[in-house]
>>> print(open('input24.txt').read())   # compact mmCIF, C-alpha atoms and all ligand atoms
# COMPACT_ATOMS: atom_id res chain seq x y z
CA MET A 182 2.99 -16.12 -6.57
CA TYR A 183 3.25 -13.82 -3.55
CA ILE A 184 4.58 -10.29 -3.94
CA VAL A 185 5.18 -7.57 -1.38
CA LEU A 186 5.24 -3.95 -2.50
CA LEU A 187 7.50 -1.83 -0.31
CA GLY A 188 7.94 1.93 -0.37
CA PRO A 189 7.32 5.13 1.58
CA PRO A 190 3.86 6.72 1.84
CA GLY A 191 2.92 8.07 -1.59
CA ALA A 192 5.50 6.01 -3.52
CA GLY A 193 2.73 4.58 -5.71
CA LYS A 194 2.17 1.18 -4.07
CA GLY A 195 -1.62 1.36 -4.30
CA THR A 196 -1.66 2.77 -7.83
CA GLN A 197 0.76 0.16 -9.10
CA ALA A 198 -0.95 -2.66 -7.21
CA GLN A 199 -4.22 -1.81 -8.98
CA ARG A 200 -2.43 -1.86 -12.34
CA ILE A 201 -0.52 -5.11 -11.67
CA ALA A 202 -3.68 -6.78 -10.36
CA ALA A 203 -5.47 -5.80 -13.59
CA ALA A 204 -2.59 -7.13 -15.70
CA THR A 205 -1.97 -10.39 -13.81
CA GLN A 206 -5.29 -11.18 -12.01
CA LEU A 207 -3.26 -11.42 -8.79
CA LEU A 208 -5.28 -10.70 -5.64
CA HIS A 209 -4.50 -7.22 -4.22
CA ILE A 210 -4.43 -7.05 -0.41
CA SER A 211 -3.95 -3.56 1.07
CA THR A 212 -3.82 -3.30 4.85
CA GLY A 213 -4.44 0.47 4.55
CA ASP A 214 -7.66 -0.19 2.59
CA MET A 215 -8.73 -2.82 5.13
CA PHE A 216 -8.23 -0.37 8.00
CA ARG A 217 -10.06 2.43 6.11
CA GLU A 218 -13.01 0.10 5.45
CA ASN A 219 -13.19 -0.66 9.18
CA VAL A 220 -12.97 3.05 10.03
CA LYS A 221 -15.81 3.78 7.59
CA ASN A 222 -17.97 1.02 9.09
CA GLU A 223 -17.13 2.19 12.62
CA THR A 224 -16.08 -1.30 13.75
CA ALA A 225 -14.09 -1.81 16.97
CA LEU A 226 -11.00 -2.49 14.84
CA GLY A 227 -11.63 0.70 12.85
CA LYS A 228 -11.95 2.79 16.00
CA LEU A 229 -8.72 1.38 17.37
CA ALA A 230 -6.80 1.73 14.08
CA ASN A 231 -7.99 5.28 13.55
CA GLN A 232 -6.30 6.42 16.76
CA TYR A 233 -2.98 5.63 15.06
CA MET A 234 -3.83 6.47 11.44
CA ALA A 235 -5.04 9.97 12.36
CA LYS A 236 -1.61 10.72 13.86
CA GLY A 237 0.34 9.22 10.97
CA GLU A 238 1.53 6.28 13.08
CA LEU A 239 1.57 2.57 12.38
CA VAL A 240 -1.19 0.47 13.91
CA PRO A 241 0.33 -1.96 16.50
CA ASP A 242 1.81 -5.13 15.02
CA GLU A 243 -0.41 -7.57 16.93
CA VAL A 244 -3.56 -5.90 15.54
CA THR A 245 -2.26 -5.64 11.98
CA ILE A 246 -0.79 -9.13 11.84
CA LYS A 247 -3.99 -10.71 13.18
CA MET A 248 -6.05 -8.91 10.52
CA LEU A 249 -3.63 -9.88 7.73
CA LEU A 250 -3.38 -13.54 8.77
CA GLU A 251 -7.16 -13.81 8.83
CA ARG A 252 -7.29 -12.31 5.32
CA ILE A 253 -4.74 -14.70 3.83
CA SER A 254 -6.40 -17.72 5.41
CA ARG A 255 -9.34 -17.23 3.01
CA THR A 256 -9.60 -19.42 -0.09
CA ASP A 257 -9.07 -16.58 -2.59
CA ALA A 258 -5.55 -15.97 -1.20
CA LYS A 259 -4.36 -19.57 -1.51
CA ALA A 260 -3.13 -19.21 -5.10
CA GLY A 261 -1.18 -16.01 -4.48
CA ALA A 262 -1.51 -12.34 -3.59
CA MET A 263 0.16 -8.96 -3.82
CA PHE A 264 0.57 -7.18 -0.48
CA ASP A 265 0.42 -3.38 -0.52
CA GLY A 266 1.38 -1.71 2.77
CA PHE A 267 2.35 -4.97 4.48
CA PRO A 268 4.86 -5.76 5.92
CA ARG A 269 6.15 -2.51 7.47
CA ASN A 270 8.81 -4.08 9.68
CA VAL A 271 10.69 -7.33 10.32
CA VAL A 272 8.16 -8.60 12.87
CA GLN A 273 5.40 -8.34 10.26
CA ALA A 274 7.66 -9.83 7.56
CA GLU A 275 8.46 -12.85 9.73
CA ALA A 276 4.78 -13.38 10.54
CA LEU A 277 4.02 -13.38 6.81
CA ASP A 278 6.92 -15.76 6.05
CA GLU A 279 5.70 -18.18 8.71
CA ALA A 280 2.09 -18.10 7.51
CA LEU A 281 3.07 -18.68 3.87
CA ARG A 282 5.50 -21.43 4.88
CA GLY A 283 2.57 -23.20 6.54
CA ASN A 284 0.98 -23.36 3.06
CA GLY A 285 4.20 -24.43 1.34
CA ALA A 286 4.61 -20.95 -0.15
CA LYS A 287 6.91 -17.93 0.25
CA VAL A 288 7.32 -14.33 -0.75
CA ASP A 289 8.63 -14.61 -4.32
CA PHE A 290 9.33 -10.92 -4.95
CA ALA A 291 9.79 -7.89 -2.71
CA LEU A 292 9.53 -4.83 -4.92
CA LEU A 293 10.82 -1.62 -3.37
CA ILE A 294 9.47 1.54 -5.04
CA SER A 295 11.87 4.41 -4.29
CA VAL A 296 10.81 8.08 -4.39
CA ARG A 297 12.37 11.14 -2.72
CA ASP A 298 10.56 13.11 0.01
CA ALA A 299 9.78 16.31 -1.94
CA GLU A 300 7.99 14.29 -4.62
CA LEU A 301 6.13 12.25 -1.97
CA MET A 302 4.72 15.42 -0.37
CA ALA A 303 3.45 16.62 -3.76
CA ARG A 304 1.91 13.25 -4.55
CA LEU A 305 0.05 12.87 -1.25
CA GLY A 306 -1.21 16.46 -1.28
CA GLY A 307 -2.70 15.99 -4.76
CA ARG A 308 -4.15 12.51 -4.34
CA TRP A 309 -7.88 11.88 -4.92
CA ILE A 310 -9.64 8.52 -4.46
CA CYS A 311 -12.95 7.16 -5.67
CA ARG A 312 -15.37 6.53 -2.80
CA THR A 313 -17.08 3.75 -4.77
CA CYS A 314 -14.35 1.71 -6.52
CA GLY A 315 -11.15 2.98 -4.84
CA LYS A 316 -9.42 4.03 -8.08
CA LEU A 317 -6.55 6.43 -7.38
CA TYR A 318 -5.96 9.77 -9.12
CA HIS A 319 -3.61 12.72 -8.82
CA GLU A 320 -4.85 16.22 -9.60
CA LYS A 321 -1.79 16.96 -11.78
CA ASN A 322 -0.08 13.66 -12.60
CA ASP A 323 -3.12 11.49 -13.27
CA PRO A 324 -6.29 13.62 -13.23
CA PRO A 325 -9.81 12.31 -13.85
CA LYS A 326 -11.48 13.50 -17.07
CA LYS A 327 -14.11 15.36 -15.01
CA HIS A 328 -13.14 17.12 -11.76
CA GLY A 329 -14.28 15.17 -8.67
CA ILE A 330 -15.77 12.25 -10.66
CA CYS A 331 -14.24 8.79 -11.17
CA ASP A 332 -13.58 7.88 -14.83
CA ALA A 333 -14.09 4.18 -14.11
CA CYS A 334 -17.42 4.16 -12.24
CA GLY A 335 -18.72 7.74 -11.96
CA GLY A 336 -18.23 7.70 -8.16
CA GLU A 337 -17.38 10.75 -6.08
CA LEU A 338 -13.68 11.48 -5.46
CA TYR A 339 -12.39 12.37 -1.96
CA GLN A 340 -9.09 13.18 -0.25
CA ARG A 341 -7.79 11.05 2.64
CA GLU A 342 -7.81 12.53 6.18
CA ASP A 343 -4.19 11.46 6.63
CA ASP A 344 -3.09 13.36 3.50
CA ARG A 345 -3.28 16.66 5.44
CA PRO A 346 0.23 18.20 5.50
CA GLU A 347 0.79 17.76 9.26
CA VAL A 348 -0.11 14.05 9.14
CA VAL A 349 1.94 13.53 5.96
CA ALA A 350 5.00 14.92 7.76
CA SER A 351 4.55 12.36 10.54
CA ARG A 352 3.97 9.50 8.08
CA LEU A 353 7.12 10.36 6.16
CA GLU A 354 9.10 10.48 9.39
CA LYS A 355 7.74 7.24 10.88
CA GLN A 356 6.64 5.01 8.02
CA LYS A 357 9.45 4.64 5.51
CA PRO A 358 10.52 1.01 5.09
CA PRO A 359 13.18 0.44 7.76
CA ALA A 360 16.67 -0.71 6.66
CA ALA A 361 16.21 -4.00 8.55
CA LEU A 362 13.10 -4.81 6.50
CA ILE A 363 14.88 -4.13 3.22
CA GLU A 364 17.78 -6.27 4.44
CA HIS A 365 15.34 -9.08 5.32
CA TYR A 366 14.33 -9.38 1.67
CA ARG A 367 17.81 -8.69 0.31
CA LYS A 368 19.10 -11.67 2.32
CA ALA A 369 16.24 -13.82 1.03
CA GLY A 370 17.32 -12.90 -2.53
CA THR A 371 13.87 -11.54 -3.42
CA LEU A 372 14.47 -7.77 -3.31
CA LYS A 373 14.23 -5.66 -6.47
CA GLU A 374 14.41 -1.87 -6.37
CA ILE A 375 12.38 0.19 -8.84
CA ASN A 376 12.78 3.91 -9.55
CA GLY A 377 9.32 5.24 -8.61
CA GLU A 378 9.97 8.72 -10.00
CA GLN A 379 9.37 7.64 -13.57
CA PRO A 380 5.99 8.24 -15.24
CA LEU A 381 3.22 5.88 -14.10
CA ASP A 382 3.37 3.59 -17.16
CA ALA A 383 7.17 3.26 -16.92
CA VAL A 384 6.93 2.22 -13.25
CA THR A 385 4.25 -0.36 -14.14
CA SER A 386 6.46 -1.77 -16.93
CA ALA A 387 9.47 -1.98 -14.62
CA LEU A 388 7.45 -3.81 -11.97
CA LEU A 389 5.96 -6.26 -14.45
CA GLU A 390 9.42 -6.85 -15.90
CA ALA A 391 10.77 -7.55 -12.39
CA ILE A 392 8.22 -10.31 -11.74
CA ARG A 393 8.32 -11.83 -15.20
P1 LIG B 1 -1.61 2.89 3.60
O1 LIG B 1 -2.91 3.13 2.95
O2 LIG B 1 -0.87 1.65 3.28
O3 LIG B 1 -0.72 4.19 3.34
P2 LIG B 1 0.82 4.43 2.92
O4 LIG B 1 1.76 3.32 3.08
O5 LIG B 1 1.13 5.68 3.63
O6 LIG B 1 0.75 4.55 1.43
P3 LIG B 1 -0.20 5.43 0.60
O7 LIG B 1 -1.48 4.67 0.36
O8 LIG B 1 -0.34 6.79 1.19
O9 LIG B 1 0.65 5.64 -0.72
P4 LIG B 1 0.95 4.67 -1.92
O10 LIG B 1 2.37 4.27 -1.90
O11 LIG B 1 -0.07 3.58 -2.02
O12 LIG B 1 0.78 5.72 -3.11
P5 LIG B 1 -0.43 5.90 -4.16
O13 LIG B 1 -0.40 4.80 -5.16
O14 LIG B 1 -1.71 6.18 -3.46
O15 LIG B 1 -1.76 2.95 5.18
C1 LIG B 1 -2.54 3.95 5.81
C2 LIG B 1 -2.38 3.82 7.30
O16 LIG B 1 -2.84 2.53 7.74
C3 LIG B 1 -0.94 3.91 7.81
O17 LIG B 1 -0.58 5.26 8.05
C4 LIG B 1 -1.00 3.11 9.09
O18 LIG B 1 -1.54 3.87 10.15
C5 LIG B 1 -1.99 2.01 8.76
N1 LIG B 1 -1.32 0.81 8.23
C6 LIG B 1 -1.44 0.30 6.97
N2 LIG B 1 -0.70 -0.81 6.84
C7 LIG B 1 -0.10 -1.01 8.04
C8 LIG B 1 0.80 -1.99 8.54
N3 LIG B 1 1.24 -3.00 7.75
N4 LIG B 1 1.23 -1.89 9.82
C9 LIG B 1 0.78 -0.90 10.62
N5 LIG B 1 -0.07 0.08 10.22
C10 LIG B 1 -0.51 0.02 8.94
O19 LIG B 1 0.10 7.22 -4.93
C11 LIG B 1 0.08 8.48 -4.27
C12 LIG B 1 -0.28 9.58 -5.29
O20 LIG B 1 0.79 9.70 -6.23
C13 LIG B 1 -1.54 9.26 -6.12
O21 LIG B 1 -2.27 10.46 -6.28
C14 LIG B 1 -0.99 8.77 -7.48
O22 LIG B 1 -1.86 9.14 -8.56
C15 LIG B 1 0.33 9.53 -7.57
N6 LIG B 1 1.38 8.75 -8.26
C16 LIG B 1 1.68 7.44 -8.03
N7 LIG B 1 2.69 7.05 -8.81
C17 LIG B 1 3.05 8.14 -9.56
C18 LIG B 1 4.04 8.38 -10.56
N8 LIG B 1 4.88 7.41 -10.98
N9 LIG B 1 4.14 9.61 -11.10
C19 LIG B 1 3.28 10.59 -10.69
N10 LIG B 1 2.32 10.44 -9.76
C20 LIG B 1 2.21 9.22 -9.19
>>> encode(input="input24.txt", output="structure tokens")
Amino acid sequence: MYIVLLGPPGAGKGTQAQRIAAATQLLHISTGDMFRENVKNETALGKLANQYMAKGELVPDEVTIKMLLERISRTDAKAGAMFDGFPRNVVQAEALDEALRGNGAKVDFALLISVRDAELMARLGGRWICRTCGKLYHEKNDPPKKHGICDACGGELYQREDDRPEVVASRLEKQKPPAALIEHYRKAGTLKEINGEQPLDAVTSALLEAIR
């Protein structure tokens, strides 16, 4: 099964992908995480991507698509995957369709998590992430038991560079799923819209119900 999670920055794609992956054993592929790993390791790809990420802009399609296609060509992605943060536009969606078609597969579900802007600002401003295992927290909505420490692995929590208010404003302006992308999946008959403003567990249940 292949699933794409769509939604604006801060909608809960990463949080829900971690939960669905734990519930279904589906492989979680996050292009944002892949770029951040490259930035951390100071690779050529990371240096290039960071020029865009720091400004709240999308990394160019040719770079992102190449990275994603390489990832899904690996053996662990042959049985299925859940894409978080990919695709962001129709060009990326068509590249994914073509690659999956080559393996006799397709996107089975496109799950659109909808959240309004005011809530997105509050979510991104309060987000904390574990440096070691990547688990996501929110200082009010989903706090760790001990401030600054990950419940799951004891790692240190940090805030993302692109969660600063000025970068968040740019991300919300430039990175919401475009209408043409939503239409792409509506036409394919795979689109399901989920109200992302419900409590975390309710969103997880709605997503699991949608793919059942
Ligand atoms: P990426 O990492 O994909 O960022 P994003 O799309 O902006 O999404 P976020 O990770 O910010 O939010 P999310 O929806 O995962 O929310 P989360 O679960 O963390 O991409 C980063 C950058 O990489 C991009 O800006 C771009 O430059 C580049 N990039 C990545 N993919 C690309 C692509 N395909 N093409 C080109 N460039 C690409 O939740 C947010 C917070 O809210 C958390 O604190 C969480 O605890 C809380 N929360 C979540 N759900 C709830 C809830 N139901 N109730 C209360 N709180 C909640």
>>> residues_around(input="input24.txt", residues="range 336-340 of chain A", least_positions_apart="5", cutoff="10 Å", atoms="only C-alpha atoms", output="PyMOL selection string")
chain A and resi 305-318+325+328-331+345
>>> closest_atom_pairs(input="input24.txt", of="chain A", to="ligand LIG 1 (chain B)", cutoff="7 Å", atoms="all atoms listed in the file", output="CSV")
residue,atom,partner,partner_atom,distance
A:Gly188,CA,B:LIG1,O10,6.2
A:Pro189,CA,B:LIG1,O4,6.0
A:Pro190,CA,B:LIG1,O5,3.4
A:Gly191,CA,B:LIG1,O9,3.4
A:Ala192,CA,B:LIG1,O10,3.9
A:Gly193,CA,B:LIG1,O13,3.2
A:Lys194,CA,B:LIG1,O10,3.8
A:Gly195,CA,B:LIG1,O11,3.5
A:Thr196,CA,B:LIG1,O13,3.6
A:Gln197,CA,B:LIG1,O13,6.2
A:Ser211,CA,B:LIG1,O2,6.4
A:Thr212,CA,B:LIG1,N2,4.5
A:Gly213,CA,B:LIG1,O1,3.5
A:Asp214,CA,B:LIG1,O1,5.8
A:Phe216,CA,B:LIG1,O16,6.1
A:Ala230,CA,B:LIG1,O18,6.9
A:Tyr233,CA,B:LIG1,O18,5.4
A:Met234,CA,B:LIG1,O18,3.7
A:Gly237,CA,B:LIG1,O17,5.0
A:Glu238,CA,B:LIG1,O18,4.9
A:Leu239,CA,B:LIG1,N5,3.7
A:Val240,CA,B:LIG1,N5,3.9
A:Pro241,CA,B:LIG1,C9,6.0
A:Asp242,CA,B:LIG1,N4,6.2
A:Thr245,CA,B:LIG1,N4,5.6
A:Asp265,CA,B:LIG1,O2,6.4
A:Gly266,CA,B:LIG1,O2,4.1
A:Phe267,CA,B:LIG1,N3,4.0
A:Pro268,CA,B:LIG1,N3,4.9
A:Arg269,CA,B:LIG1,N3,4.9
A:Arg304,CA,B:LIG1,O20,4.1
A:Leu305,CA,B:LIG1,C12,5.2
A:Gly307,CA,B:LIG1,O21,5.8
A:Arg308,CA,B:LIG1,O21,3.4
A:Trp309,CA,B:LIG1,O21,5.9
A:Leu317,CA,B:LIG1,O22,5.5
A:Tyr318,CA,B:LIG1,O22,4.2
A:His319,CA,B:LIG1,O21,3.7
A:Asn322,CA,B:LIG1,N10,4.9
A:Asp323,CA,B:LIG1,O22,5.4
A:Arg352,CA,B:LIG1,O17,6.2
A:Gly377,CA,B:LIG1,N8,5.5
A:Glu378,CA,B:LIG1,N8,5.3
A:Gln379,CA,B:LIG1,N8,5.2
A:Pro380,CA,B:LIG1,N8,4.5
A:Leu381,CA,B:LIG1,N8,3.9
A:Val384,CA,B:LIG1,N8,6.0
>>> closest_residue(input="input24.txt", among="A:Lys368, A:Val272, A:Phe264, A:Asp332", to="Leu187 in chain A", atoms="only C-alpha atoms")
A:Phe264
>>> residues_near_point(input="input24.txt", point="(10.1, -3.5, 2.3)", cutoff="9 Å", atoms="only C-alpha atoms", output="list in words")
Val185, Leu186, Leu187, Gly188, Gly266, Phe267, Pro268, Arg269, Asn270, Val271, Ala274, Ala291, Leu292, Leu293, Ile294, Lys357, Pro358, Pro359, Ala360, Ala361, Leu362, Ile363, Glu364, His365, Tyr366 and Leu372 of chain A
>>> write_last_selection(input="input24.txt", atoms="C-alpha atoms", output="PDB file, in the frame of the given file")
ATOM      1  CA  VAL A 185       5.180  -7.570  -1.380  1.00  0.00           C
ATOM      2  CA  LEU A 186       5.240  -3.950  -2.500  1.00  0.00           C
ATOM      3  CA  LEU A 187       7.500  -1.830  -0.310  1.00  0.00           C
ATOM      4  CA  GLY A 188       7.940   1.930  -0.370  1.00  0.00           C
ATOM      5  CA  GLY A 266       1.380  -1.710   2.770  1.00  0.00           C
ATOM      6  CA  PHE A 267       2.350  -4.970   4.480  1.00  0.00           C
ATOM      7  CA  PRO A 268       4.860  -5.760   5.920  1.00  0.00           C
ATOM      8  CA  ARG A 269       6.150  -2.510   7.470  1.00  0.00           C
ATOM      9  CA  ASN A 270       8.810  -4.080   9.680  1.00  0.00           C
ATOM     10  CA  VAL A 271      10.690  -7.330  10.320  1.00  0.00           C
ATOM     11  CA  ALA A 274       7.660  -9.830   7.560  1.00  0.00           C
ATOM     12  CA  ALA A 291       9.790  -7.890  -2.710  1.00  0.00           C
ATOM     13  CA  LEU A 292       9.530  -4.830  -4.920  1.00  0.00           C
ATOM     14  CA  LEU A 293      10.820  -1.620  -3.370  1.00  0.00           C
ATOM     15  CA  ILE A 294       9.470   1.540  -5.040  1.00  0.00           C
ATOM     16  CA  LYS A 357       9.450   4.640   5.510  1.00  0.00           C
ATOM     17  CA  PRO A 358      10.520   1.010   5.090  1.00  0.00           C
ATOM     18  CA  PRO A 359      13.180   0.440   7.760  1.00  0.00           C
ATOM     19  CA  ALA A 360      16.670  -0.710   6.660  1.00  0.00           C
ATOM     20  CA  ALA A 361      16.210  -4.000   8.550  1.00  0.00           C
ATOM     21  CA  LEU A 362      13.100  -4.810   6.500  1.00  0.00           C
ATOM     22  CA  ILE A 363      14.880  -4.130   3.220  1.00  0.00           C
ATOM     23  CA  GLU A 364      17.780  -6.270   4.440  1.00  0.00           C
ATOM     24  CA  HIS A 365      15.340  -9.080   5.320  1.00  0.00           C
ATOM     25  CA  TYR A 366      14.330  -9.380   1.670  1.00  0.00           C
ATOM     26  CA  LEU A 372      14.470  -7.770  -3.310  1.00  0.00           C
TER      27      LEU A 372
END
>>> closest_residue(input="input24.txt", among="A:Ala260, A:Asp344, A:Thr224, A:Ile184", to="Thr371 in chain A", atoms="all atoms listed in the file")
A:Ile184
>>> residues_around(input="input24.txt", residues="Leu250 in chain A", least_positions_apart="5", cutoff="10 Å", atoms="all atoms listed in the file", output="list in words")
Thr245, Arg255, Ala276, Leu277, Ala280 and Leu281 of chain A
>>> write_last_selection(input="input24.txt", atoms="C-alpha atoms", output="PDB file, in the frame of the given file")
ATOM      1  CA  THR A 245      -2.260  -5.640  11.980  1.00  0.00           C
ATOM      2  CA  ARG A 255      -9.340 -17.230   3.010  1.00  0.00           C
ATOM      3  CA  ALA A 276       4.780 -13.380  10.540  1.00  0.00           C
ATOM      4  CA  LEU A 277       4.020 -13.380   6.810  1.00  0.00           C
ATOM      5  CA  ALA A 280       2.090 -18.100   7.510  1.00  0.00           C
ATOM      6  CA  LEU A 281       3.070 -18.680   3.870  1.00  0.00           C
TER       7      LEU A 281
END
>>> residues_around(input="input24.txt", residues="Lys259 in chain A", least_positions_apart="2", cutoff="10 Å", atoms="only C-alpha atoms", output="list in words")
Met182, Tyr183, Leu208, Ile253, Ser254, Arg255, Thr256, Asp257, Gly261, Ala262, Leu281, Asn284 and Ala286 of chain A
>>> residues_around(input="input24.txt", residues="Ser351 in chain A", least_positions_apart="3", cutoff="8 Å", atoms="all atoms listed in the file", output="list of chain:residue names")
A:Lys236, A:Gly237, A:Glu238, A:Glu347, A:Val348, A:Glu354, A:Lys355
>>> atom_distance(input="input24.txt", atom1="CA of Val220 in chain A", atom2="CA of Leu301 in chain A")
24.4 Å
>>> axis_aligned_box(input="input24.txt", around="range 282-291 of chain A", padding_each_side="6 Å", output="AutoDock Vina command-line options")
--center_x 5.4 --center_y -16.2 --center_z 0.8 --size_x 20.8 --size_y 28.5 --size_z 23.5
>>> atom_distance(input="input24.txt", atom1="CA of Ala235 in chain A", atom2="CA of Arg341 in chain A")
10.2 Å
>>> closest_residue(input="input24.txt", among="A:Thr385, A:Ala333, A:Asn222, A:Gly370", to="Thr205 in chain A", atoms="only C-alpha atoms")
A:Thr385
